[in-house]
file data31.cif (mmCIF, C-alpha atoms)
data_coords
loop_
_atom_site.label_atom_id
_atom_site.label_comp_id
_atom_site.auth_asym_id
_atom_site.auth_seq_id
_atom_site.Cartn_x
_atom_site.Cartn_y
_atom_site.Cartn_z
CA MET A 1 128.12 -294.22 -126.81
CA ARG A 2 128.72 -297.00 -129.31
CA ASN A 3 126.42 -297.17 -132.28
CA TYR A 4 125.33 -300.51 -133.67
CA PRO A 5 124.13 -300.98 -137.22
CA PRO A 6 120.37 -300.66 -137.31
CA GLU A 7 119.92 -304.23 -138.54
CA VAL A 8 121.39 -305.69 -135.31
CA PRO A 9 118.64 -305.85 -132.71
CA VAL A 10 119.54 -304.67 -129.23
CA SER A 11 118.29 -307.95 -127.74
CA SER A 12 120.88 -309.95 -129.67
CA ILE A 13 123.62 -307.58 -128.53
CA SER A 14 122.69 -308.07 -124.91
CA ALA A 15 122.41 -311.83 -125.40
CA ALA A 16 125.89 -311.89 -126.89
CA ALA A 17 127.20 -309.82 -123.99
CA ALA A 18 125.59 -312.17 -121.49
CA GLY A 19 127.11 -315.15 -123.28
CA ALA A 20 130.55 -313.55 -123.23
CA ALA A 21 130.23 -312.85 -119.52
CA ALA A 22 129.23 -316.45 -118.87
CA ASP A 23 132.20 -317.67 -120.90
CA LEU A 24 134.47 -315.40 -118.94
CA ARG A 25 133.19 -316.80 -115.66
CA LEU A 26 133.69 -320.33 -116.94
CA THR A 27 137.19 -319.53 -118.14
CA ARG A 28 138.08 -318.25 -114.71
CA LEU A 29 136.56 -321.29 -113.11
CA PHE A 30 138.39 -323.76 -115.35
CA GLU A 31 141.69 -321.99 -114.99
CA SER A 32 141.38 -321.85 -111.22
CA MET A 33 141.07 -325.63 -111.22
CA ARG A 34 144.01 -326.34 -113.48
CA PRO A 35 146.51 -326.96 -110.62
CA ASP A 36 144.16 -329.48 -109.01
CA LEU A 37 143.51 -331.18 -112.33
CA LEU A 38 147.21 -331.37 -113.03
CA ARG A 39 147.90 -332.91 -109.64
CA PHE A 40 145.13 -335.43 -110.23
CA ALA A 41 146.45 -336.23 -113.71
CA GLN A 42 150.03 -336.57 -112.50
CA TRP A 43 149.05 -339.15 -109.90
CA LEU A 44 147.18 -341.04 -112.61
CA THR A 45 149.77 -340.87 -115.36
CA ARG A 46 152.94 -340.82 -113.25
CA ASP A 47 154.37 -338.58 -115.94
CA ARG A 48 154.39 -334.82 -115.74
CA ALA A 49 154.52 -334.11 -119.46
CA LEU A 50 151.79 -336.61 -120.18
CA ALA A 51 149.68 -335.16 -117.38
CA GLU A 52 150.02 -331.68 -118.84
CA ASP A 53 148.84 -332.97 -122.20
CA VAL A 54 145.94 -334.83 -120.62
CA VAL A 55 144.82 -331.72 -118.76
CA GLN A 56 145.21 -329.57 -121.85
CA GLU A 57 143.09 -331.93 -123.93
CA SER A 58 140.57 -332.26 -121.11
CA LEU A 59 140.14 -328.52 -120.78
CA LEU A 60 139.66 -328.27 -124.51
CA ARG A 61 137.00 -330.98 -124.40
CA ALA A 62 135.38 -329.34 -121.41
CA TRP A 63 135.30 -326.00 -123.16
CA ARG A 64 133.71 -327.52 -126.25
CA SER A 65 131.12 -329.27 -124.10
CA ARG A 66 130.57 -326.41 -121.70
CA GLU A 67 126.86 -326.36 -122.50
CA ALA A 68 126.63 -329.74 -120.77
CA LEU A 69 127.77 -328.25 -117.47
CA LYS A 70 124.43 -327.23 -116.04
CA ASP A 71 125.60 -326.52 -112.52
CA PRO A 72 128.97 -324.75 -112.19
CA THR A 73 129.24 -325.90 -108.56
CA CYS A 74 129.73 -329.41 -109.96
CA SER A 75 132.49 -328.31 -112.29
CA ARG A 76 135.34 -329.77 -110.25
CA ALA A 77 133.97 -333.30 -110.32
CA TRP A 78 132.94 -332.80 -113.95
CA LEU A 79 136.43 -331.73 -115.01
CA MET A 80 138.10 -334.51 -113.05
CA THR A 81 135.84 -337.02 -114.72
CA ILE A 82 136.91 -335.65 -118.10
CA VAL A 83 140.57 -335.87 -117.08
CA ARG A 84 140.12 -339.46 -115.95
CA ARG A 85 138.42 -340.39 -119.21
CA GLU A 86 141.07 -338.62 -121.25
CA HIS A 87 143.70 -340.62 -119.36
CA ALA A 88 141.79 -343.86 -120.00
CA ARG A 89 141.58 -342.93 -123.68
CA LEU A 90 145.37 -342.89 -123.86
CA TYR A 91 145.40 -346.59 -123.12
CA GLU A 92 142.75 -347.25 -125.73
CA ARG A 93 144.57 -345.30 -128.42
CA LYS A 94 148.02 -346.75 -128.01
CA ARG A 95 150.31 -348.75 -125.85
CA LEU A 96 152.24 -346.35 -123.73
CA GLU A 97 155.95 -346.67 -123.36
CA LEU A 98 156.60 -348.50 -120.12
CA VAL A 99 159.45 -347.33 -117.95
CA SER A 100 160.77 -348.58 -114.67
CA LEU A 101 159.25 -346.47 -111.98
CA ASN A 102 162.42 -346.66 -109.95
CA ASP A 103 164.26 -345.09 -112.86
CA ALA A 104 161.63 -342.44 -113.31
CA LEU A 105 161.29 -341.25 -109.74
CA GLU A 106 163.27 -338.26 -108.74
CA HIS A 107 165.26 -338.98 -105.66
CA ASP A 108 165.52 -335.97 -103.42
CA SER A 109 168.69 -335.49 -101.52
CA GLY A 110 168.12 -337.71 -98.51
CA ALA A 111 170.64 -335.86 -96.41
CA PHE A 112 168.25 -332.97 -95.93
CA LEU A 113 165.10 -334.97 -95.37
CA SER A 114 163.61 -335.18 -91.92
CA ARG A 115 162.12 -338.45 -90.74
CA ASP A 116 158.65 -337.15 -91.60
CA ASP A 117 159.76 -336.10 -95.06
CA SER A 118 161.29 -339.48 -95.78
CA ASP A 119 158.14 -341.23 -94.54
CA THR A 120 156.01 -339.10 -96.82
CA GLN A 121 158.40 -339.69 -99.71
CA ALA A 122 158.22 -343.43 -99.15
CA LEU A 123 154.45 -343.31 -99.02
CA ARG A 124 154.31 -341.28 -102.24
CA SER A 125 156.51 -343.84 -103.96
CA ALA A 126 154.34 -346.65 -102.64
CA ILE A 127 151.19 -344.95 -103.94
CA LEU A 128 152.81 -344.51 -107.35
CA GLN A 129 153.67 -348.19 -107.43
CA LEU A 130 150.13 -349.30 -106.71
CA PRO A 131 148.61 -351.01 -109.74
CA ILE A 132 146.36 -348.64 -111.65
CA GLU A 133 143.22 -350.55 -110.62
CA TYR A 134 143.95 -349.68 -107.00
CA ARG A 135 145.63 -346.31 -107.50
CA GLU A 136 142.87 -344.87 -109.65
CA PRO A 137 139.95 -345.26 -107.21
CA LEU A 138 142.15 -344.15 -104.33
CA ILE A 139 143.14 -340.96 -106.14
CA MET A 140 139.58 -340.35 -107.26
CA GLN A 141 138.42 -340.66 -103.68
CA VAL A 142 141.17 -338.70 -101.93
CA ILE A 143 141.99 -335.99 -104.46
CA GLY A 144 138.74 -335.94 -106.40
CA GLY A 145 136.40 -336.30 -103.45
CA PHE A 146 134.32 -338.86 -105.33
CA SER A 147 132.04 -341.11 -103.31
CA VAL A 148 132.18 -344.89 -103.65
CA ASP A 149 129.02 -344.85 -105.74
CA GLU A 150 130.40 -342.16 -108.03
CA ILE A 151 133.64 -344.08 -108.51
CA ALA A 152 131.64 -347.22 -109.22
CA ARG A 153 129.64 -345.44 -111.89
CA GLU A 154 132.71 -343.92 -113.48
CA LEU A 155 134.73 -347.15 -113.52
CA SER A 156 131.75 -349.34 -114.43
CA LEU A 157 132.20 -351.42 -111.31
CA SER A 158 129.88 -352.43 -108.53
CA ALA A 159 130.09 -350.46 -105.31
CA SER A 160 131.37 -353.53 -103.50
CA ALA A 161 134.16 -353.91 -106.05
CA VAL A 162 135.17 -350.30 -105.44
CA LEU A 163 135.12 -350.88 -101.68
CA THR A 164 137.39 -353.88 -102.19
CA ARG A 165 139.81 -351.96 -104.37
CA LEU A 166 139.99 -349.05 -101.96
CA PHE A 167 140.50 -351.45 -99.10
CA ARG A 168 143.27 -353.27 -100.94
CA ALA A 169 144.99 -350.05 -101.92
CA ARG A 170 145.16 -348.89 -98.31
CA ASN A 171 145.98 -352.37 -97.12
CA LYS A 172 149.06 -352.40 -99.34
CA LEU A 173 150.12 -349.05 -97.95
CA ARG A 174 149.70 -350.30 -94.37
CA THR A 175 152.67 -352.58 -94.74
CA LEU A 176 154.87 -349.56 -95.28
CA TYR A 177 154.29 -348.66 -91.64
CA GLY A 178 155.03 -352.16 -90.42
CA LEU A 179 151.34 -352.87 -89.86
CA THR A 180 149.92 -356.27 -90.60
CA PRO A 181 147.77 -356.28 -93.71
CA ALA A 182 144.17 -357.17 -92.94
CA SER A 183 142.41 -359.90 -94.83
CA ASP A 184 139.51 -358.91 -97.05
CA GLY A 185 138.44 -362.52 -97.20
CA SER A 186 136.65 -362.57 -100.50
CA GLY A 187 139.60 -362.40 -102.85
CA THR A 188 137.26 -361.53 -105.69
CA GLU A 189 135.41 -358.49 -106.85
CA THR A 190 131.80 -358.39 -107.81
CA PRO A 191 131.49 -357.24 -111.40
CA LEU A 192 128.87 -354.68 -112.21
CA MET B 1 128.31 -356.94 -89.00
CA ASN B 2 131.36 -359.15 -88.55
CA CYS B 3 135.01 -358.15 -88.32
CA GLN B 4 135.67 -358.83 -91.98
CA ASP B 5 132.86 -356.55 -93.12
CA ALA B 6 133.93 -353.90 -90.64
CA ARG B 7 137.53 -353.93 -91.84
CA LEU B 8 136.51 -353.79 -95.47
CA LEU B 9 134.44 -350.69 -94.77
CA ILE B 10 137.10 -349.06 -92.63
CA GLY B 11 139.81 -349.81 -95.18
CA ALA B 12 137.72 -348.38 -97.99
CA GLU B 13 136.47 -345.31 -96.15
CA PRO B 14 138.39 -344.83 -92.90
CA TRP B 15 136.37 -341.81 -91.83
CA ALA B 16 132.96 -343.25 -92.69
CA THR B 17 130.60 -344.38 -90.04
CA SER B 18 127.28 -346.07 -89.79
CA ARG B 19 125.18 -347.22 -86.91
CA GLU B 20 126.08 -350.85 -87.63
CA LEU B 21 129.79 -350.11 -87.73
CA ALA B 22 129.62 -348.00 -84.59
CA VAL B 23 127.89 -350.82 -82.73
CA HIS B 24 130.50 -353.30 -83.90
CA LEU B 25 133.37 -351.04 -82.91
CA GLN B 26 131.96 -350.61 -79.43
CA ASP B 27 132.29 -354.33 -78.83
CA CYS B 28 135.36 -355.13 -80.90
CA HIS B 29 138.56 -353.67 -79.58
CA ALA B 30 140.64 -355.11 -82.46
CA CYS B 31 138.51 -353.45 -85.13
CA ALA B 32 138.44 -350.18 -83.18
CA GLU B 33 142.23 -350.27 -83.12
CA PHE B 34 142.27 -351.09 -86.83
CA GLN B 35 140.17 -348.00 -87.49
CA LEU B 36 142.54 -345.84 -85.46
CA GLU B 37 145.46 -347.14 -87.51
CA MET B 38 143.65 -346.60 -90.79
CA VAL B 39 142.58 -343.08 -89.89
CA ALA B 40 146.17 -342.23 -88.99
CA LEU B 41 147.32 -343.78 -92.26
CA GLU B 42 144.65 -341.80 -94.08
CA ALA B 43 146.05 -338.54 -92.77
CA ASN B 44 149.45 -339.55 -94.12
CA ILE B 45 147.98 -340.54 -97.48
CA ARG B 46 146.23 -337.19 -97.79
CA ARG B 47 149.45 -335.41 -96.91
CA ALA B 48 151.36 -337.50 -99.45
CA LEU B 49 148.88 -336.67 -102.21
CA GLU B 50 148.83 -332.94 -101.49
CA GLU B 51 151.62 -332.40 -103.98
CA PRO B 52 152.02 -333.95 -107.41
CA PRO B 53 154.47 -336.85 -107.56
CA SER B 54 158.09 -336.04 -108.28
CA VAL B 55 158.57 -337.81 -111.53
CA VAL B 56 161.32 -336.94 -113.95
CA ARG B 57 160.12 -335.27 -117.10
CA ARG B 58 161.34 -338.11 -119.25
CA ARG B 59 160.19 -336.85 -122.54
CA ARG B 60 158.55 -333.80 -123.80
CA ARG B 61 156.14 -334.50 -126.55
CA PRO B 62 155.75 -331.71 -129.05
CA ALA B 63 153.86 -328.97 -127.38
CA VAL B 64 150.18 -329.18 -128.00
CA GLN B 65 148.93 -326.21 -129.89
CA PRO B 66 147.24 -324.18 -127.16
CA ARG B 67 143.84 -324.45 -128.68
CA TRP B 68 142.33 -324.02 -125.27
CA ALA B 69 144.14 -320.75 -124.98
CA LEU B 70 142.87 -319.74 -128.36
CA ALA B 71 139.36 -320.44 -127.26
CA ALA B 72 139.68 -317.78 -124.65
CA SER B 73 141.26 -314.49 -125.54
CA LEU B 74 144.37 -312.99 -124.05
CA VAL B 75 142.16 -310.56 -122.23
CA LEU B 76 140.31 -313.41 -120.61
CA ALA B 77 143.57 -314.97 -119.49
CA VAL B 78 144.70 -311.75 -117.86
CA MET B 79 141.35 -311.36 -116.18
CA ALA B 80 141.45 -314.97 -115.05
CA THR B 81 144.82 -314.38 -113.45
CA LEU B 82 143.49 -311.35 -111.67
CA ALA B 83 140.45 -313.27 -110.56
CA ILE B 84 142.56 -316.10 -109.17
CA TRP B 85 144.71 -313.58 -107.36
CA ALA B 86 141.61 -311.96 -105.91
CA LEU B 87 140.27 -315.33 -104.80
CA ARG B 88 143.46 -316.27 -103.00
CA SER B 89 142.67 -314.44 -99.79
CA GLU B 90 139.23 -316.04 -99.64
CA ASN B 91 140.71 -319.45 -100.27
CA THR B 92 143.30 -319.05 -97.54
CA LEU B 93 140.72 -319.52 -94.80
CA ALA B 94 139.39 -322.67 -96.48
CA HIS B 95 142.92 -323.96 -96.94
CA GLU B 96 143.75 -323.40 -93.27
CA VAL B 97 140.53 -325.04 -92.17
CA VAL B 98 141.34 -328.12 -94.27
CA ALA B 99 144.92 -328.22 -93.00
CA HIS B 100 143.67 -328.05 -89.44
CA VAL B 101 141.18 -330.87 -89.92
CA VAL B 102 143.66 -333.12 -91.73
CA ALA B 103 146.15 -332.61 -88.93
CA GLU B 104 143.64 -333.89 -86.38
CA PRO B 105 142.73 -337.34 -87.76
CA GLN B 106 141.73 -338.67 -84.35
CA SER B 107 138.65 -336.48 -84.63
CA TRP B 108 137.17 -338.92 -87.18
CA VAL B 109 137.17 -342.01 -85.02
CA GLY B 110 134.62 -340.89 -82.46
CA ILE B 111 131.91 -343.42 -81.79
CA ASP B 112 130.15 -342.29 -78.65
CA ALA B 113 128.39 -339.01 -78.25
CA VAL B 114 130.41 -336.48 -76.30
CA SER B 115 128.96 -335.76 -72.86
CA ASP B 116 126.96 -332.58 -72.46
CA ALA B 117 129.44 -331.31 -69.90
CA ALA B 118 132.44 -331.84 -72.18
CA LEU B 119 130.68 -330.23 -75.12
CA SER B 120 129.58 -327.34 -72.97
CA ASP B 121 133.17 -326.74 -71.79
CA VAL B 122 134.45 -326.61 -75.36
CA LEU B 123 131.71 -324.22 -76.44
CA HIS B 124 132.01 -321.96 -73.39
CA ASN B 125 135.73 -321.71 -73.99
CA SER B 126 134.85 -319.87 -77.19
CA GLY B 127 131.89 -318.01 -75.80
CA VAL B 128 129.13 -319.88 -77.60
CA VAL B 129 126.37 -322.32 -76.85
CA LEU B 130 124.71 -324.85 -79.10
CA ASP B 131 120.99 -325.45 -79.22
CA ALA B 132 119.65 -328.86 -80.12
CA THR B 133 120.53 -330.16 -83.59
CA PRO B 134 119.52 -333.36 -85.37
CA TYR B 135 123.09 -334.60 -85.03
CA SER B 136 125.00 -336.19 -82.22
CA VAL B 137 128.37 -334.67 -81.45
CA VAL B 138 131.00 -337.42 -81.35
CA TYR B 139 134.06 -335.20 -80.98
CA ALA B 140 134.53 -331.84 -79.36
CA ARG B 141 137.76 -330.05 -78.76
CA SER B 142 138.79 -326.48 -78.23
CA CYS B 143 141.40 -325.78 -80.88
CA TRP B 144 143.76 -322.86 -81.39
CA PHE B 145 143.02 -321.48 -84.83
CA ARG B 146 144.09 -318.11 -86.20
CA GLY B 147 144.77 -316.69 -82.78
CA HIS B 148 141.59 -317.87 -81.06
CA TYR B 149 140.18 -320.96 -79.46
CA VAL B 150 137.47 -322.35 -81.69
CA PRO B 151 135.13 -325.29 -81.12
CA HIS B 152 136.18 -328.17 -83.36
CA LEU B 153 133.26 -330.57 -83.47
CA VAL B 154 132.52 -333.74 -85.40
CA VAL B 155 128.86 -334.57 -85.78
CA ARG B 156 127.29 -337.77 -87.01
CA THR B 157 124.83 -337.25 -89.82
CA ALA B 158 122.59 -339.96 -91.23
CA HIS B 159 125.35 -341.41 -93.40
CA SER B 160 128.70 -340.08 -92.38
CA LEU B 161 130.63 -337.72 -90.18
CA ALA B 162 130.95 -334.01 -90.71
CA THR B 163 133.46 -331.71 -89.10
CA VAL B 164 132.22 -328.35 -87.84
CA LEU B 165 134.43 -325.43 -86.87
CA ILE B 166 132.66 -322.52 -85.23
CA LEU B 167 134.67 -319.48 -86.28
CA ARG B 168 133.43 -316.52 -84.30
CA ASN B 169 136.34 -314.38 -85.34
CA GLU B 170 136.27 -315.09 -89.05
CA THR B 171 133.79 -313.40 -91.30
CA VAL B 172 132.94 -314.27 -94.86
CA ASP B 173 130.72 -312.22 -97.12
CA LYS B 174 128.95 -315.14 -98.69
CA PRO B 175 128.98 -318.93 -98.55
CA GLN B 176 132.17 -320.44 -99.95
CA SER B 177 132.45 -323.98 -101.23
CA PHE B 178 135.79 -325.71 -101.53
CA HIS B 179 137.34 -329.07 -102.27
CA GLU B 180 140.79 -329.87 -101.04
CA ASP B 181 142.63 -333.03 -100.16
CA GLY B 182 139.56 -335.10 -100.73
CA LEU B 183 137.49 -333.04 -98.36
CA SER B 184 134.51 -331.03 -99.45
CA GLY B 185 133.50 -328.08 -97.39
CA VAL B 186 131.54 -324.92 -97.03
CA ILE B 187 132.15 -321.83 -94.97
CA VAL B 188 128.96 -319.91 -94.35
CA PRO B 189 128.45 -316.55 -92.71
CA SER B 190 126.55 -316.67 -89.45
CA ALA B 191 125.18 -314.01 -87.17
CA HIS B 192 128.36 -314.33 -85.15
CA GLY B 193 131.34 -314.92 -87.44
CA SER B 194 131.18 -317.96 -89.67
CA ILE B 195 130.85 -321.72 -89.59
CA ALA B 196 132.92 -324.20 -91.56
CA VAL B 197 131.56 -327.65 -92.33
CA LEU B 198 133.71 -330.33 -93.96
CA ALA B 199 133.23 -333.94 -94.86
CA ALA B 200 135.01 -336.58 -96.83
CA GLY B 201 131.97 -338.58 -97.79
CA SER B 202 128.74 -337.62 -99.42
CA VAL B 203 127.20 -335.34 -96.85
CA GLN B 204 124.67 -332.60 -97.40
CA LEU B 205 127.07 -329.91 -96.27
CA ASP B 206 124.62 -327.07 -96.76
CA ASP B 207 122.04 -328.79 -94.58
CA VAL B 208 124.53 -329.32 -91.79
CA ALA B 209 125.78 -325.76 -92.11
CA GLN B 210 122.25 -324.42 -91.96
CA GLN B 211 121.40 -326.47 -88.87
CA MET B 212 124.55 -325.33 -87.12
CA ARG B 213 123.94 -321.70 -88.07
CA LEU B 214 120.59 -321.85 -86.39
CA ALA B 215 121.89 -323.69 -83.36
CA VAL B 216 124.96 -321.61 -82.47
CA ARG B 217 124.43 -318.59 -80.22
CA PRO B 218 126.87 -316.40 -78.38
CA LEU B 219 127.13 -317.10 -74.69
CA ALA B 220 126.19 -313.55 -73.78
CA ALA B 221 122.84 -313.98 -75.55
CA VAL B 222 121.84 -316.87 -73.31
CA LYS B 223 119.23 -315.84 -70.78
#

call {"tool": "encode", "arguments": {"input": "data31.cif", "output": "structure tokens"}}
result
Amino acid sequence: MRNYPPEVPVSSISAAAAGAAADLRLTRLFESMRPDLLRFAQWLTRDRALAEDVVQESLLRAWRSREALKDPTCSRAWLMTIVRREHARLYERKRLELVSLNDALEHDSGAFLSRDDSDTQALRSAILQLPIEYREPLIMQVIGGFSVDEIARELSLSASAVLTRLFRARNKLRTLYGLTPASDGSGTETPL
Amino acid sequence: MNCQDARLLIGAEPWATSRELAVHLQDCHACAEFQLEMVALEANIRRALEEPPSVVRRRRRPAVQPRWALAASLVLAVMATLAIWALRSENTLAHEVVAHVVAEPQSWVGIDAVSDAALSDVLHNSGVVLDATPYSVVYARSCWFRGHYVPHLVVRTAHSLATVLILRNETVDKPQSFHEDGLSGVIVPSAHGSIAVLAAGSVQLDDVAQQMRLAVRPLAAVK
């Protein structure tokens, strides 16, 4: 049996042990979400290396602020919100190098693609080429599982503006399948 | 609700439903068709976003000092790996449930309640019955899943649709929550196997799961 110096109360030892166990659980939780966070970040940044950095920084921030995570069942949305903000911060800090997306996209060997594969590839390219104001809410909704109200809060928009952006994002993708784009009529978004 | 409002809602949340939208879709064939198209497109979008984009690693910035890794010890990392490995088998069921639901996008466009006879057929095919629930069932199909026919239902809750799979042959030790491809879900143990509930919108999954747990009974138990 391990002996502790007499000046260390047993209660503080057990508190430290409980804290370590909680940290361990949180570490497991965060790490288990890293692939999802990376996928989310890659669709936002359109750059794998940048996405890795964003996720790395986000996990560090999350770890430092772990006390703020009251309910671990909300950790996925919490972490994705941190990733999104970290990505937004990049634009505040500096102007990112702009590259032609067509140059940046990897082109798989078309000879081995089935019709379905090429359709999916075309759709992925189309999503990547959506302007960030449309791509971001779409990715938050589809990958992040955020509701319209949650997206509105996060992007400081009204719910109707988010609805319009989501509609426009999908409307742009419709044309890829030869479908007629629908009119959203308003042409404007309601600011928050 | 007019067509413009309906299309804005459908385009923004293809799977969402509301009483107003449902009423409009009953009378407007064009908007109903638009919803079918958007739901099909949605399935493709979800499939497209399943994997990260293939973008060339154009530059590698100097590696960030792994401060995060320093925050947790090497021992924690090893344990985390083991934990993830251990969780994989549990997550497989959730993953397959999500894949099944995403592959059946037509299930999200139901407007009218399924007839009692049709629902009964689907349930009997899997040897279960369903007592009354607060939800109307707008889609019911007997689906082949992991070697068995399972009832694949879509129920209308107050605000949105929720998919329910009654998995008599799958057991889970405890409730599992998951998020995948924009769908949130829970798989809860029931007296007879388990029940999976998924939704894309903000739905009280636990409430739906609890209601379905109480309502599902094996056919043999019916007097």

call {"tool": "resolve_selection", "arguments": {"input": "data31.cif", "expression": "the PyMOL selection byres ((chain A) within 6 of (chain B))", "output": "list of chain:residue names"}}
result
A:Arg28, A:Arg39, A:Arg48, A:Ala49, A:Leu60, A:Ala104, A:Leu105, A:Glu106, A:Thr120, A:Arg124, A:Val142, A:Ile143, A:Gly144, A:Gly145, A:Leu163, A:Leu166, A:Phe167

call {"tool": "residues_around", "arguments": {"input": "data31.cif", "residues": "Cys143 of chain B", "least_positions_apart": "3", "cutoff": "9 Å", "atoms": "all atoms listed in the file", "output": "list of chain:residue names"}}
result
B:Val122, B:His148, B:Tyr149, B:Val150, B:Pro151, B:His152

call {"tool": "atom_distance", "arguments": {"input": "data31.cif", "atom1": "atom CA of Val138 of chain B", "atom2": "atom CA of Pro175 of chain B"}}
result
25.3 Å

call {"tool": "atom_distance", "arguments": {"input": "data31.cif", "atom1": "atom CA of Met33 of chain A", "atom2": "atom CA of Ala99 of chain B"}}
result
18.8 Å

call {"tool": "atom_distance", "arguments": {"input": "data31.cif", "atom1": "atom CA of Ala22 of chain B", "atom2": "atom CA of Ile111 of chain B"}}
result
5.8 Å

call {"tool": "resolve_selection", "arguments": {"input": "data31.cif", "expression": "the PyMOL selection byres ((chain B and resi 206-212) around 10)", "output": "ChimeraX atom specification"}}
result
/B:130-135,155,157,162-166,175,177,185-190,194-198,203-205,213-217

call {"tool": "resolve_selection", "arguments": {"input": "data31.cif", "expression": "the PyMOL selection byres ((chain A and resi 153-157) around 10)", "output": "compact mmCIF listing (two decimals) with C-alpha atoms, in the coordinates of the input"}}
result
# COMPACT_ATOMS: atom_id res chain seq x y z
CA THR A 81 135.84 -337.02 -114.72
CA ARG A 84 140.12 -339.46 -115.95
CA ARG A 85 138.42 -340.39 -119.21
CA GLU A 133 143.22 -350.55 -110.62
CA GLU A 136 142.87 -344.87 -109.65
CA PRO A 137 139.95 -345.26 -107.21
CA MET A 140 139.58 -340.35 -107.26
CA PHE A 146 134.32 -338.86 -105.33
CA SER A 147 132.04 -341.11 -103.31
CA VAL A 148 132.18 -344.89 -103.65
CA ASP A 149 129.02 -344.85 -105.74
CA GLU A 150 130.40 -342.16 -108.03
CA ILE A 151 133.64 -344.08 -108.51
CA ALA A 152 131.64 -347.22 -109.22
CA SER A 158 129.88 -352.43 -108.53
CA ALA A 159 130.09 -350.46 -105.31
CA SER A 160 131.37 -353.53 -103.50
CA ALA A 161 134.16 -353.91 -106.05
CA VAL A 162 135.17 -350.30 -105.44
CA GLU A 189 135.41 -358.49 -106.85
CA THR A 190 131.80 -358.39 -107.81
CA PRO A 191 131.49 -357.24 -111.40
CA LEU A 192 128.87 -354.68 -112.21

call {"tool": "residues_around", "arguments": {"input": "data31.cif", "residues": "Ala43 of chain B", "least_positions_apart": "3", "cutoff": "8 Å", "atoms": "only C-alpha atoms", "output": "PyMOL selection string"}}
result
chain B and resi 39-40+46-47+102-103+105

call {"tool": "axis_aligned_box", "arguments": {"input": "data31.cif", "around": "segment 43-47 of chain A", "padding_each_side": "3 Å", "output": "lines of an AutoDock Vina configuration file"}}
result
center_x = 150.8
center_y = -339.8
center_z = -112.9
size_x = 13.2
size_y = 8.5
size_z = 12.0
